[in-house]
file query-v3.cif (mmCIF, C-alpha atoms)
data_start
#
loop_
_atom_site.label_atom_id
_atom_site.label_comp_id
_atom_site.auth_asym_id
_atom_site.auth_seq_id
_atom_site.Cartn_x
_atom_site.Cartn_y
_atom_site.Cartn_z
CA MET D 1 20.94 -2.62 21.95
CA LYS D 2 24.32 -1.47 23.27
CA ASN D 3 25.19 1.80 21.53
CA ILE D 4 22.29 3.87 20.26
CA LEU D 5 21.98 6.84 17.88
CA ILE D 6 18.82 8.94 17.90
CA ILE D 7 18.42 10.94 14.68
CA GLY D 8 16.10 13.84 15.41
CA SER D 9 16.86 13.85 19.13
CA THR D 10 15.60 17.39 19.72
CA GLY D 11 12.15 16.79 18.22
CA GLN D 12 8.83 15.95 19.83
CA ILE D 13 9.57 12.25 20.34
CA GLY D 14 13.36 12.39 20.33
CA SER D 15 13.75 14.78 23.24
CA GLU D 16 11.96 12.38 25.59
CA LEU D 17 13.14 9.12 24.04
CA THR D 18 16.80 10.14 24.33
CA LEU D 19 16.53 10.91 28.04
CA GLU D 20 14.62 7.71 28.76
CA LEU D 21 17.18 5.58 26.93
CA ARG D 22 19.96 7.30 28.89
CA LYS D 23 18.27 6.20 32.10
CA ARG D 24 18.23 2.60 30.91
CA TYR D 25 21.63 2.26 29.23
CA PRO D 26 25.18 2.97 30.46
CA GLU D 27 26.49 6.53 30.44
CA GLY D 28 27.78 7.58 27.04
CA ASN D 29 25.96 4.84 25.10
CA VAL D 30 23.10 6.98 23.76
CA VAL D 31 24.07 9.62 21.18
CA ALA D 32 21.77 12.57 20.45
CA GLY D 33 21.89 13.27 16.71
CA TYR D 34 20.81 16.75 15.66
CA ILE D 35 20.91 19.17 12.75
CA PRO D 36 22.62 22.60 12.90
CA GLY D 37 20.29 25.12 14.45
CA ALA D 38 18.63 22.49 16.64
CA LYS D 39 21.44 21.67 19.05
CA PRO D 40 20.41 19.87 22.25
CA GLN D 41 19.99 22.12 25.26
CA GLY D 42 19.96 21.64 29.03
CA GLU D 43 19.70 18.07 30.27
CA LEU D 44 19.58 16.70 26.73
CA LEU D 45 23.00 18.24 26.04
CA GLU D 46 24.55 17.58 29.43
CA SER D 47 23.44 13.97 29.97
CA GLY D 48 25.34 12.34 27.11
CA PRO D 49 27.19 12.66 23.80
CA SER D 50 25.74 14.45 20.79
CA ALA D 51 26.68 14.71 17.12
CA ILE D 52 25.56 16.60 14.03
CA VAL D 53 23.64 14.07 11.93
CA ASN D 54 21.63 15.37 8.99
CA ILE D 55 19.55 12.49 7.67
CA THR D 56 19.96 13.72 4.11
CA ASN D 57 23.74 13.27 4.43
CA GLU D 58 24.62 9.56 4.22
CA GLN D 59 28.30 10.17 5.00
CA GLN D 60 27.42 12.05 8.18
CA ILE D 61 25.25 9.15 9.34
CA ALA D 62 28.05 6.65 8.62
CA GLU D 63 30.65 8.73 10.43
CA ALA D 64 28.51 8.99 13.58
CA ILE D 65 27.81 5.26 13.55
CA MET D 66 31.50 4.42 13.15
CA ARG D 67 32.69 6.93 15.74
CA TYR D 68 30.32 5.75 18.46
CA ARG D 69 30.15 2.08 17.42
CA ILE D 70 26.41 2.29 17.01
CA ASP D 71 24.37 -0.90 16.70
CA THR D 72 20.85 0.60 16.91
CA VAL D 73 19.43 3.69 15.19
CA TYR D 74 16.17 5.41 16.12
CA ASN D 75 15.34 7.37 12.97
CA LEU D 76 12.89 10.09 14.05
CA ALA D 77 13.53 12.67 11.32
CA ALA D 78 10.27 13.68 9.60
CA LEU D 79 7.89 16.55 8.93
CA LEU D 80 4.53 16.31 10.69
CA SER D 81 1.28 16.06 8.76
CA ALA D 82 0.17 19.65 8.17
CA VAL D 83 3.74 20.83 7.56
CA ALA D 84 4.32 17.99 5.10
CA GLU D 85 1.28 19.10 3.10
CA ALA D 86 2.75 22.58 2.84
CA LYS D 87 6.22 21.23 1.92
CA PRO D 88 5.68 17.90 0.12
CA ILE D 89 9.07 17.75 -1.61
CA LEU D 90 10.94 18.37 1.63
CA ALA D 91 8.72 15.82 3.39
CA TRP D 92 9.66 13.19 0.78
CA ASN D 93 13.37 14.05 0.86
CA ILE D 94 13.53 13.75 4.64
CA GLY D 95 11.06 10.93 5.14
CA ILE D 96 12.10 8.65 2.27
CA GLY D 97 15.43 9.94 0.97
CA GLY D 98 16.66 10.15 4.55
CA LEU D 99 15.33 6.71 5.44
CA PHE D 100 17.07 5.23 2.41
CA ASN D 101 20.35 6.73 3.65
CA VAL D 102 19.85 5.24 7.11
CA LEU D 103 18.95 1.81 5.75
CA GLU D 104 21.94 1.71 3.41
CA VAL D 105 24.35 2.57 6.22
CA ALA D 106 22.58 0.08 8.51
CA ARG D 107 22.95 -2.62 5.88
CA GLU D 108 26.67 -2.00 5.57
CA MET D 109 27.32 -1.60 9.30
CA HIS D 110 24.86 -4.18 10.65
CA CYS D 111 22.62 -1.84 12.67
CA ALA D 112 19.02 -2.28 13.76
CA VAL D 113 16.68 0.56 12.73
CA PHE D 114 13.48 1.93 14.28
CA THR D 115 11.52 4.35 12.07
CA PRO D 116 8.09 5.39 13.37
CA SER D 117 5.07 5.20 11.12
CA SER D 118 1.69 6.73 11.92
CA ILE D 119 -2.07 6.38 11.77
CA GLY D 120 -1.59 8.65 8.75
CA ALA D 121 -0.44 5.58 6.81
CA PHE D 122 -4.08 4.60 6.49
CA GLY D 123 -6.52 6.55 4.38
CA PRO D 124 -10.25 6.96 3.82
CA ASP D 125 -10.55 3.48 2.28
CA ALA D 126 -9.43 1.68 5.47
CA PRO D 127 -12.00 0.57 8.08
CA LYS D 128 -12.61 3.55 10.38
CA ASN D 129 -13.22 1.73 13.66
CA ARG D 130 -10.68 -0.66 15.15
CA THR D 131 -8.63 -0.45 11.98
CA PRO D 132 -6.86 -3.82 11.69
CA GLN D 133 -3.12 -4.37 11.53
CA ASP D 134 -3.26 -5.64 7.95
CA THR D 135 -5.62 -3.67 5.73
CA VAL D 136 -5.62 -1.32 2.76
CA ARG D 137 -3.33 1.72 3.07
CA THR D 138 -4.25 4.46 0.61
CA PRO D 139 -3.41 7.80 2.26
CA HIS D 140 -4.33 11.04 0.52
CA THR D 141 -1.57 13.14 2.12
CA MET D 142 2.15 13.36 1.46
CA TYR D 143 2.70 12.61 5.14
CA GLY D 144 0.77 9.37 4.78
CA VAL D 145 2.46 8.49 1.49
CA THR D 146 5.88 8.78 3.13
CA LYS D 147 4.74 6.62 6.05
CA VAL D 148 3.43 3.80 3.82
CA THR D 149 6.55 3.98 1.63
CA GLY D 150 8.73 3.92 4.74
CA GLU D 151 6.97 0.80 6.02
CA LEU D 152 7.42 -0.98 2.68
CA LEU D 153 11.04 0.11 2.28
CA SER D 154 11.90 -1.01 5.81
CA ASP D 155 10.26 -4.40 5.22
CA TYR D 156 12.19 -4.73 1.96
CA TYR D 157 15.52 -4.14 3.69
CA PHE D 158 14.62 -6.78 6.28
CA ARG D 159 13.61 -9.39 3.72
CA ARG D 160 16.31 -8.59 1.14
CA TYR D 161 19.30 -7.77 3.35
CA GLY D 162 18.39 -8.94 6.85
CA VAL D 163 18.43 -5.44 8.35
CA ASP D 164 16.60 -5.60 11.69
CA THR D 165 13.94 -2.98 10.96
CA ARG D 166 11.03 -2.38 13.33
CA SER D 167 8.31 0.23 13.61
CA VAL D 168 5.03 1.26 15.23
CA ARG D 169 2.17 3.29 13.80
CA PHE D 170 1.95 6.05 16.38
CA PRO D 171 -1.37 7.73 17.07
CA GLY D 172 -1.40 11.37 18.15
CA LEU D 173 1.23 11.84 20.84
CA ILE D 174 0.48 14.17 23.75
CA SER D 175 3.41 15.67 25.63
CA TYR D 176 4.15 18.47 28.08
CA VAL D 177 7.87 18.53 27.21
CA ALA D 178 8.23 19.51 23.54
CA PRO D 179 5.88 22.08 21.95
CA PRO D 180 3.56 21.00 19.13
CA GLY D 181 5.23 20.86 15.73
CA GLY D 182 2.48 21.05 13.11
CA GLY D 183 0.66 17.75 13.48
CA THR D 184 -3.06 17.25 12.89
CA THR D 185 -3.47 15.80 16.38
CA ASP D 186 -1.58 18.68 18.04
CA TYR D 187 -4.84 20.30 19.13
CA ALA D 188 -4.85 17.69 21.90
CA VAL D 189 -1.64 19.25 23.22
CA ASP D 190 -2.58 22.89 22.63
CA ILE D 191 -5.82 22.47 24.56
CA PHE D 192 -3.92 21.69 27.76
CA TYR D 193 -1.76 24.81 27.40
CA SER D 194 -4.89 26.94 27.02
CA ALA D 195 -6.48 25.35 30.08
CA VAL D 196 -3.43 25.92 32.26
CA LYS D 197 -3.03 29.52 31.05
CA LYS D 198 -6.75 30.12 31.70
CA GLU D 199 -7.32 31.04 28.05
CA LYS D 200 -10.26 30.10 25.85
CA PHE D 201 -9.21 27.33 23.47
CA ILE D 202 -9.98 27.77 19.77
CA CYS D 203 -10.27 24.24 18.43
CA PRO D 204 -9.23 23.63 14.79
CA ILE D 205 -10.80 20.15 14.65
CA ALA D 206 -14.58 19.67 14.49
CA ALA D 207 -16.63 18.05 17.24
CA GLY D 208 -17.25 14.38 16.55
CA THR D 209 -13.86 13.85 14.89
CA PHE D 210 -12.35 10.88 16.67
CA MET D 211 -8.65 10.05 16.46
CA ASP D 212 -6.41 7.66 18.38
CA MET D 213 -4.13 9.28 20.95
CA MET D 214 -1.37 8.28 23.34
CA TYR D 215 0.50 9.94 26.19
CA MET D 216 4.15 10.41 25.31
CA PRO D 217 5.54 8.20 28.13
CA ASP D 218 3.61 5.30 26.58
CA GLY D 219 4.89 6.24 23.12
CA VAL D 220 8.49 6.24 24.32
CA HIS D 221 7.94 2.93 26.10
CA ALA D 222 6.45 1.39 22.94
CA ALA D 223 9.48 2.33 20.84
CA ILE D 224 11.96 0.94 23.36
CA GLN D 225 9.93 -2.18 24.16
CA LEU D 226 9.62 -3.11 20.48
CA MET D 227 13.36 -2.69 19.86
CA GLU D 228 14.11 -4.84 22.91
CA ALA D 229 11.57 -7.53 21.93
CA ASP D 230 12.58 -11.08 21.03
CA PRO D 231 12.75 -11.08 17.20
CA SER D 232 11.61 -14.70 17.00
CA ARG D 233 8.14 -13.60 18.23
CA LEU D 234 7.67 -10.90 15.58
CA LYS D 235 5.36 -11.90 12.75
CA HIS D 236 5.06 -8.25 11.74
CA ARG D 237 7.77 -5.60 11.72
CA ASN D 238 6.82 -2.44 9.84
CA ALA D 239 4.63 -1.31 11.37
CA PHE D 240 2.62 -2.35 14.44
CA ASN D 241 -0.63 -0.61 15.35
CA VAL D 242 -0.38 0.78 18.88
CA THR D 243 -2.96 2.82 20.75
CA ALA D 244 -4.05 3.89 24.21
CA MET D 245 -7.27 5.92 23.78
CA SER D 246 -9.58 7.48 21.20
CA PHE D 247 -11.50 10.73 21.66
CA ASP D 248 -12.92 13.76 19.87
CA PRO D 249 -12.48 17.41 20.94
CA GLU D 250 -15.63 17.38 23.08
CA ILE D 251 -14.46 14.41 25.13
CA ILE D 252 -11.01 15.85 25.91
CA TYR D 253 -12.55 19.28 26.61
CA HIS D 254 -14.97 17.90 29.18
CA GLN D 255 -12.27 15.72 30.69
CA ILE D 256 -10.14 18.81 31.31
CA LYS D 257 -13.16 20.69 32.70
CA ASN D 258 -13.37 18.07 35.44
CA TYR D 259 -10.17 19.65 36.81
CA VAL D 260 -10.46 23.20 35.38
CA PRO D 261 -14.18 24.01 35.72
CA ASP D 262 -13.96 27.51 34.23
CA PHE D 263 -12.23 26.32 31.05
CA ARG D 264 -13.94 27.34 27.79
CA MET D 265 -13.62 26.17 24.19
CA GLU D 266 -15.05 27.23 20.85
CA TYR D 267 -14.51 25.98 17.30
CA ASN D 268 -12.75 27.53 14.31
CA VAL D 269 -12.14 24.51 12.09
CA ASP D 270 -8.99 24.47 9.97
CA PRO D 271 -10.08 22.96 6.62
CA LEU D 272 -6.69 21.35 5.90
CA ARG D 273 -6.30 19.68 9.28
CA GLN D 274 -9.95 18.66 9.33
CA LYS D 275 -9.61 17.01 5.92
CA ILE D 276 -6.54 15.12 7.10
CA ALA D 277 -8.21 14.07 10.35
CA GLU D 278 -11.29 12.75 8.54
CA SER D 279 -9.11 10.53 6.36
CA TRP D 280 -7.57 8.81 9.39
CA PRO D 281 -9.00 5.98 11.52
CA ASN D 282 -11.25 6.66 14.49
CA SER D 283 -9.49 3.89 16.40
CA LEU D 284 -6.90 1.16 15.86
CA ASP D 285 -6.82 -2.54 16.68
CA ASP D 286 -3.45 -3.18 18.35
CA THR D 287 -3.96 -6.91 18.99
CA CYS D 288 -0.83 -7.90 17.06
CA ALA D 289 1.42 -5.66 19.17
CA ARG D 290 -0.12 -7.06 22.34
CA GLU D 291 0.38 -10.65 21.17
CA GLU D 292 3.82 -10.36 19.57
CA TRP D 293 5.67 -8.17 22.08
CA ASP D 294 3.29 -7.71 25.02
CA TRP D 295 2.35 -4.10 24.32
CA ASN D 296 0.11 -2.56 26.97
CA PRO D 297 -0.25 1.19 27.60
CA ALA D 298 -0.01 2.51 31.15
CA TYR D 299 -2.10 5.70 30.76
CA ASP D 300 -5.81 6.08 30.09
CA LEU D 301 -7.52 9.41 29.37
CA ASP D 302 -8.07 10.42 32.99
CA MET D 303 -4.55 9.49 34.13
CA MET D 304 -3.06 11.40 31.22
CA THR D 305 -5.22 14.47 31.83
CA ARG D 306 -4.27 14.71 35.49
CA ASP D 307 -0.58 14.25 34.78
CA MET D 308 -0.53 16.71 31.87
CA LEU D 309 -2.21 19.44 33.90
CA GLU D 310 0.09 18.88 36.86
CA LYS D 311 3.26 18.88 34.77
CA LEU D 312 2.26 21.89 32.66
CA ILE D 313 1.35 23.97 35.71
CA ALA D 314 4.78 23.27 37.15
CA LYS D 315 6.48 23.97 33.81
CA ILE D 316 4.79 27.33 33.32
CA LYS D 317 5.55 28.39 36.91
CA ASN D 318 9.24 27.58 36.37
CA VAL D 319 9.32 29.62 33.16
CA ARG D 320 7.91 32.63 34.99
#
call {"tool": "encode", "arguments": {"input": "query-v3.cif", "output": "structure tokens"}}
result
Amino acid sequence: MKNILIIGSTGQIGSELTLELRKRYPEGNVVAGYIPGAKPQGELLESGPSAIVNITNEQQIAEAIMRYRIDTVYNLAALLSAVAEAKPILAWNIGIGGLFNVLEVAREMHCAVFTPSSIGAFGPDAPKNRTPQDTVRTPHTMYGVTKVTGELLSDYYFRRYGVDTRSVRFPGLISYVAPPGGGTTDYAVDIFYSAVKKEKFICPIAAGTFMDMMYMPDGVHAAIQLMEADPSRLKHRNAFNVTAMSFDPEIIYHQIKNYVPDFRMEYNVDPLRQKIAESWPNSLDDTCAREEWDWNPAYDLDMMTRDMLEKLIAKIKNVR
């Protein structure tokens, strides 16, 4: 990677990925792509170039790639799970129509492409515990359908045209930087905000519902590490299972209570999010990622909890 374009740079993943890439690559080499109304702010705006790049506009993508001599695209444009269920047509147009635009431009301009998939690519027919890399993928949500289609389309462009496509299946990503954006796993972010604000947390996911999770610094590292990996080692491409931890609401609640003893939680289950969560794996087997590009997360549950609480306390104090 020499010159990098991040499409969706102001989103949950993009806002942190862009800044991390700018630390690692020369000044001016990482371009923050955004849509009107979501212009980068603060450090994200000031630390490097930015350009309007709507993923549904193929010409706009091509112009940005030509202008900045891009060789690698991180395509992060997507609707999260619960939002995608409410807006399935838009989810398809962004997730698949937009991906097709990126892949076509990448084919013509010889760019590598990273497009994240998700645990949502699996469905209720997949093994629930330690879901293997290669298994049945029959999601029952539009979010999951777009993720499976994206994996297949990316693999097709690699096999048919030689486009260097790579991807990971992200679990729930927990971050103190960007606010939650409508994902099924977002309760695991909201719960920290409630704890720091000394509010009772109303949990929309039922006790006993396990899902894989990851702290955002590990997620960012996974995306970069895979794109920097030696391609000759990759037996898989789209997409690698990656994980760091698996827990249910009770486990994360009691973990936080270790540091915020007065914290309280009660349940008010959201039927839509609960249905989505129950269709996803309890945990993933990420052996292939570990073997093919040396994946290894840095944060476990306790390390993440301590860091999230510390960072959020500082963030809320600064806002006040």
call {"tool": "closest_residue", "arguments": {"input": "query-v3.cif", "among": "D:Thr287, D:Ser117, D:Thr72, D:Thr138", "to": "Glu228 in chain D", "atoms": "all atoms listed in the file"}}
result
D:Thr72
call {"tool": "resolve_selection", "arguments": {"input": "query-v3.cif", "expression": "the PyMOL selection byres ((chain D and resi 84-88) around 12)", "output": "MDAnalysis selection string"}}
result
chainID D and resid 78:83 89:96 120 140:147 181:184 272:273 275:276
call {"tool": "closest_residue", "arguments": {"input": "query-v3.cif", "among": "D:Leu5, D:Leu226, D:Met66, D:Ile52", "to": "Ala38 in chain D", "atoms": "all atoms listed in the file"}}
result
D:Ile52
call {"tool": "closest_residue", "arguments": {"input": "query-v3.cif", "among": "D:Asp190, D:Asp218, D:Glu43, D:Glu151", "to": "Asn296 in chain D", "atoms": "only C-alpha atoms"}}
result
D:Asp218
call {"tool": "resolve_selection", "arguments": {"input": "query-v3.cif", "expression": "the PyMOL selection byres ((chain D and resi 192) around 8)", "output": "PyMOL selection string"}}
result
chain D and resi 188-191+193-196+256+308-309+312
call {"tool": "closest_residue", "arguments": {"input": "query-v3.cif", "among": "D:Gly162, D:Gly11, D:Gly28, D:Pro40", "to": "His110 in chain D", "atoms": "all atoms listed in the file"}}
result
D:Gly162
call {"tool": "resolve_selection", "arguments": {"input": "query-v3.cif", "expression": "the PyMOL selection byres ((chain D and resi 99) around 9)", "output": "JSON, numbers by chain"}}
result
{"D": [55, 56, 75, 77, 93, 94, 95, 96, 97, 98, 100, 101, 102, 103, 104, 115, 150, 153, 154]}
call {"tool": "atom_distance", "arguments": {"input": "query-v3.cif", "atom1": "CA of Val73 in chain D", "atom2": "CA of Phe122 in chain D"}}
result
25.1 Å
call {"tool": "residues_around", "arguments": {"input": "query-v3.cif", "residues": "Pro249 in chain D", "least_positions_apart": "5", "cutoff": "10 Å", "atoms": "only C-alpha atoms", "output": "CSV table (one decimal) with C-alpha atoms, in the frame of the given file"}}
result
chain,number,residue,atom,x,y,z
D,187,TYR,CA,-4.8,20.3,19.1
D,188,ALA,CA,-4.8,17.7,21.9
D,191,ILE,CA,-5.8,22.5,24.6
D,203,CYS,CA,-10.3,24.2,18.4
D,204,PRO,CA,-9.2,23.6,14.8
D,205,ILE,CA,-10.8,20.2,14.6
D,206,ALA,CA,-14.6,19.7,14.5
D,207,ALA,CA,-16.6,18.0,17.2
D,208,GLY,CA,-17.2,14.4,16.6
D,209,THR,CA,-13.9,13.8,14.9
D,210,PHE,CA,-12.4,10.9,16.7
D,211,MET,CA,-8.6,10.0,16.5
D,254,HIS,CA,-15.0,17.9,29.2
D,255,GLN,CA,-12.3,15.7,30.7
D,265,MET,CA,-13.6,26.2,24.2
D,267,TYR,CA,-14.5,26.0,17.3
call {"tool": "closest_residue", "arguments": {"input": "query-v3.cif", "among": "D:Ser175, D:Met227, D:Arg67, D:Ile7", "to": "Tyr34 in chain D", "atoms": "only C-alpha atoms"}}
result
D:Ile7
call {"tool": "atom_distance", "arguments": {"input": "query-v3.cif", "atom1": "CA of Ala112 in chain D", "atom2": "CA of Thr243 in chain D"}}
result
23.6 Å
call {"tool": "atom_distance", "arguments": {"input": "query-v3.cif", "atom1": "CA of Pro36 in chain D", "atom2": "CA of Val53 in chain D"}}
result
8.6 Å
call {"tool": "residues_around", "arguments": {"input": "query-v3.cif", "residues": "Pro297 in chain D", "least_positions_apart": "4", "cutoff": "9 Å", "atoms": "only C-alpha atoms", "output": "PyMOL selection string"}}
result
chain D and resi 214-215+218-219+221-222+242-244
call {"tool": "closest_residue", "arguments": {"input": "query-v3.cif", "among": "D:Asn238, D:Gln59, D:Ser15, D:Thr10", "to": "Gly37 in chain D", "atoms": "all atoms listed in the file"}}
result
D:Thr10
call {"tool": "residues_near_point", "arguments": {"input": "query-v3.cif", "point": "(10.8, 21.7, 29.1)", "cutoff": "7 Å", "atoms": "all atoms listed in the file", "output": "list in words"}}
result
Val177, Ala178 and Lys315 of chain D
call {"tool": "axis_aligned_box", "arguments": {"input": "query-v3.cif", "around": "range 110-114 of chain D", "padding_each_side": "6 Å", "output": "AutoDock Vina command-line options"}}
result
--center_x 19.2 --center_y -1.1 --center_z 12.5 --size_x 23.4 --size_y 18.1 --size_z 15.6
call {"tool": "residues_near_point", "arguments": {"input": "query-v3.cif", "point": "(-13.6, 25.6, 23.9)", "cutoff": "6 Å", "atoms": "all atoms listed in the file", "output": "compact mmCIF listing (two decimals) with C-alpha atoms, in the frame of the given file"}}
result
# COMPACT_ATOMS: atom_id res chain seq x y z
CA LYS D 200 -10.26 30.10 25.85
CA PHE D 201 -9.21 27.33 23.47
CA ILE D 202 -9.98 27.77 19.77
CA ARG D 264 -13.94 27.34 27.79
CA MET D 265 -13.62 26.17 24.19
CA GLU D 266 -15.05 27.23 20.85
call {"tool": "residues_around", "arguments": {"input": "query-v3.cif", "residues": "Thr165 in chain D", "least_positions_apart": "5", "cutoff": "7 Å", "atoms": "only C-alpha atoms", "output": "MDAnalysis selection string"}}
result
chainID D and resid 112:114 154:155 158 237
call {"tool": "residues_around", "arguments": {"input": "query-v3.cif", "residues": "Leu19 in chain D", "least_positions_apart": "3", "cutoff": "8 Å", "atoms": "only C-alpha atoms", "output": "PyMOL selection string"}}
result
chain D and resi 15-16+22-23+44+47
call {"tool": "write_last_selection", "arguments": {"input": "query-v3.cif", "atoms": "C-alpha atoms", "output": "CSV table (one decimal), in the coordinates of the input"}}
result
chain,number,residue,atom,x,y,z
D,15,SER,CA,13.8,14.8,23.2
D,16,GLU,CA,12.0,12.4,25.6
D,22,ARG,CA,20.0,7.3,28.9
D,23,LYS,CA,18.3,6.2,32.1
D,44,LEU,CA,19.6,16.7,26.7
D,47,SER,CA,23.4,14.0,30.0
